[in-house]
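Trainee: Input: one structure, supplied below.
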Amino acid sequence: IPTFPTDTVKLLSMLATYLNLVNDEVSYDLRLTKTYAGIRTRHLQKSLAQFSEMCGSYMHGFDPSTRSNHAEVRFCTIRNENWYEPSTSPFAQYTINIVKLFQAERDLVRHIMPTVISDETFFATIERPFEAYLGTGEKIMAFFFSSPMYEVLHALDVYGYLLETDSVLASLLAPNQSQSASMAKMAGRLQAHLSKSFVALIGLLRHPFKEDTMPKQTGGVNELVSNTLTFLSYLIGYKDLLVNLFLSMGDGHWNQSASQDSPHVSHPASDPSDGLSIFQHYLRDVIDALSYTIDQGGKHMKRPTLQFVFLINNHSYLARALRDTMYAGDDESQSLGLGDLVGRSALMRIESQIERSRKGYIATWKALMSSFPAATLGPPEKLGMFNQGFDEMVRAQRAYDIFDADVRAMLVSDATDAVVPDYEMFLRQNPDKSPEFARAMKYTPRDLQRRIKGMLDD
């Protein structure tokens with residue numbers, strides 16, 4: 001912040017002191033405080049105008065059509081470029097710079113103006129700039145309250161900056177109780193909004209998939225799942241701030257609307273008096289709710305095989321997100337990741353769900369050979385039924401969105417192990433050389449392996 005030269009400050013101080021002394025000796029009021037405030041207020045307003053404009057531009061840059069009451073629609077359709085990046089908030093920059101300017105102005109006033117009128121002059125000078133700041137703050141609050149859930153990250157960042165500058169701003173505004181109360185009110189409203197937002201995320205995951213957010217019939221990773229994990233990866237970047245915030249809100253506050261016998265009510269935090277323990281409890285509940293979301297998504301799949309593919313694919317995505325963020329013990333200088341905070345017990349539960357879904361997936365492939373034991377059918381008829389079911393199964397798999405190479409390999413391996421050994425056994429038990437059997441013999445065991453291996457390549 002540019003400052004006046006020392007000699008200039010000294011001259012202004014001498015002039016102000018003189019004018020204040022002779023004020024009572026002249027026949028009119030010199031209005032020294034008002035004169036100073038009038039000049040410096042315009043300077044402060046001009047200096048801060050850019051930050052107010054930046055806030056307005058940010059809020060106007062959002063498509064009004066996305067600002068509906070359907071939180072899940074907004075959260076399911078977010079694009080990567082919409083995620084808030086830390087320390088980029090124009091209102092946070094506004095807060096930082098208004099504090100710096102007010103500090104510089106207070107020092108300038110104390111150097112120039114006589115002590116008896118310095119505080120009065122300072123408060124007269126910052127009154128309008130501070131009112132403009134509070135006005136922008138009200139607009140930002142309204143923006144947060146009606147924004148998509150991912151804007152919680154922006155609100156959290158602003159809340160952090162408000163707390164960070166609280167002590168300095170409080171000392172600047174201390175003699176003016178109304179201005180101090182306005183800042184405390186803004187921080188309190190923001191904290192209440194954050195608390196409600198954390199509850200809303202849990203509620204969304206426990207009641208997912210309304211009519212306009214149904215999962216696609218492709219078995220792919222659902223947007224609600226991927227976006228929630230992305231949200232959490234950003235959220236834990238504010239861990240130090242959240243530890244104190246969750247401590248003030250109390251353990252399990254996000255479960256208060258659930259009945260005690262609800263399957264969603266989890267065990268309390270290991271230490272309800274420790275903010276980190278409470279935050280970890282919340283993260284575990286989000287992961288459990290996300291797993292429930294995946295289970296509900298599977299129920300919306302129209303084919304049994306697709307249901308198991310959806311469950312395996314999404315739970316594997318969730319498990320990888322936790323496994324890849326378990327940093328503890330690898331590098332002492334590295335911060336805790338999502339997997340570290342949630343813990344291995346949550347990962348083990350998800351992995352057990354993957355194993356259950358794999359068993360179901362294998363069973364759908366084995367069902368293709370349900371005709372093999374039938375006593376009323378001849379070998380050629382059994383082969384014909386198998387061929388038809390196998391071709392339909394492979395054709396359906398080609399439409400699935402499986403981008404994780406490990407999941408693709410897992411599905412191929414499970415399908416191969418489910419079909420090929422039983423198919424080979426059937427051929428050994430039915431050494432039929434008739435023309436009918438030869439015509440029905442569409443695949444050799446090696447052909448089946450090749451078809452299964454390439455079924456997810458498209």
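Chain labels A, B, ... are given in the sequence in which chains occur in the structure tokens; within each chain residues are numbered consecutively from 1, and ligands are likewise numbered from 1 in the order shown.
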Give me, as an MDAnalysis selection string, all polymer residues having an atom no more than 12 Å from Arg320 (chain A), counting only C-alpha atoms and skipping those fewer than 3 positions away in the same chain.

Mentor: chainID A and resid 226 229 312:317 323:326 338:339 347:348 350:351 354 404 406:407

Trainee: Between CA of Ser352 (chain A) and CA of Leu205 (chain A), measure the distance and give it in Å to one decimal.

Mentor: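 CA of Ser352 (chain A) sits 20.3 Å away from CA of Leu205 (chain A).
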
Trainee: Which one is closest to Val152 (chain A): A:Leu172, A:Ile362, A:Val221, A:Leu232? Count only C-alpha atoms.

Mentor: A:Leu232
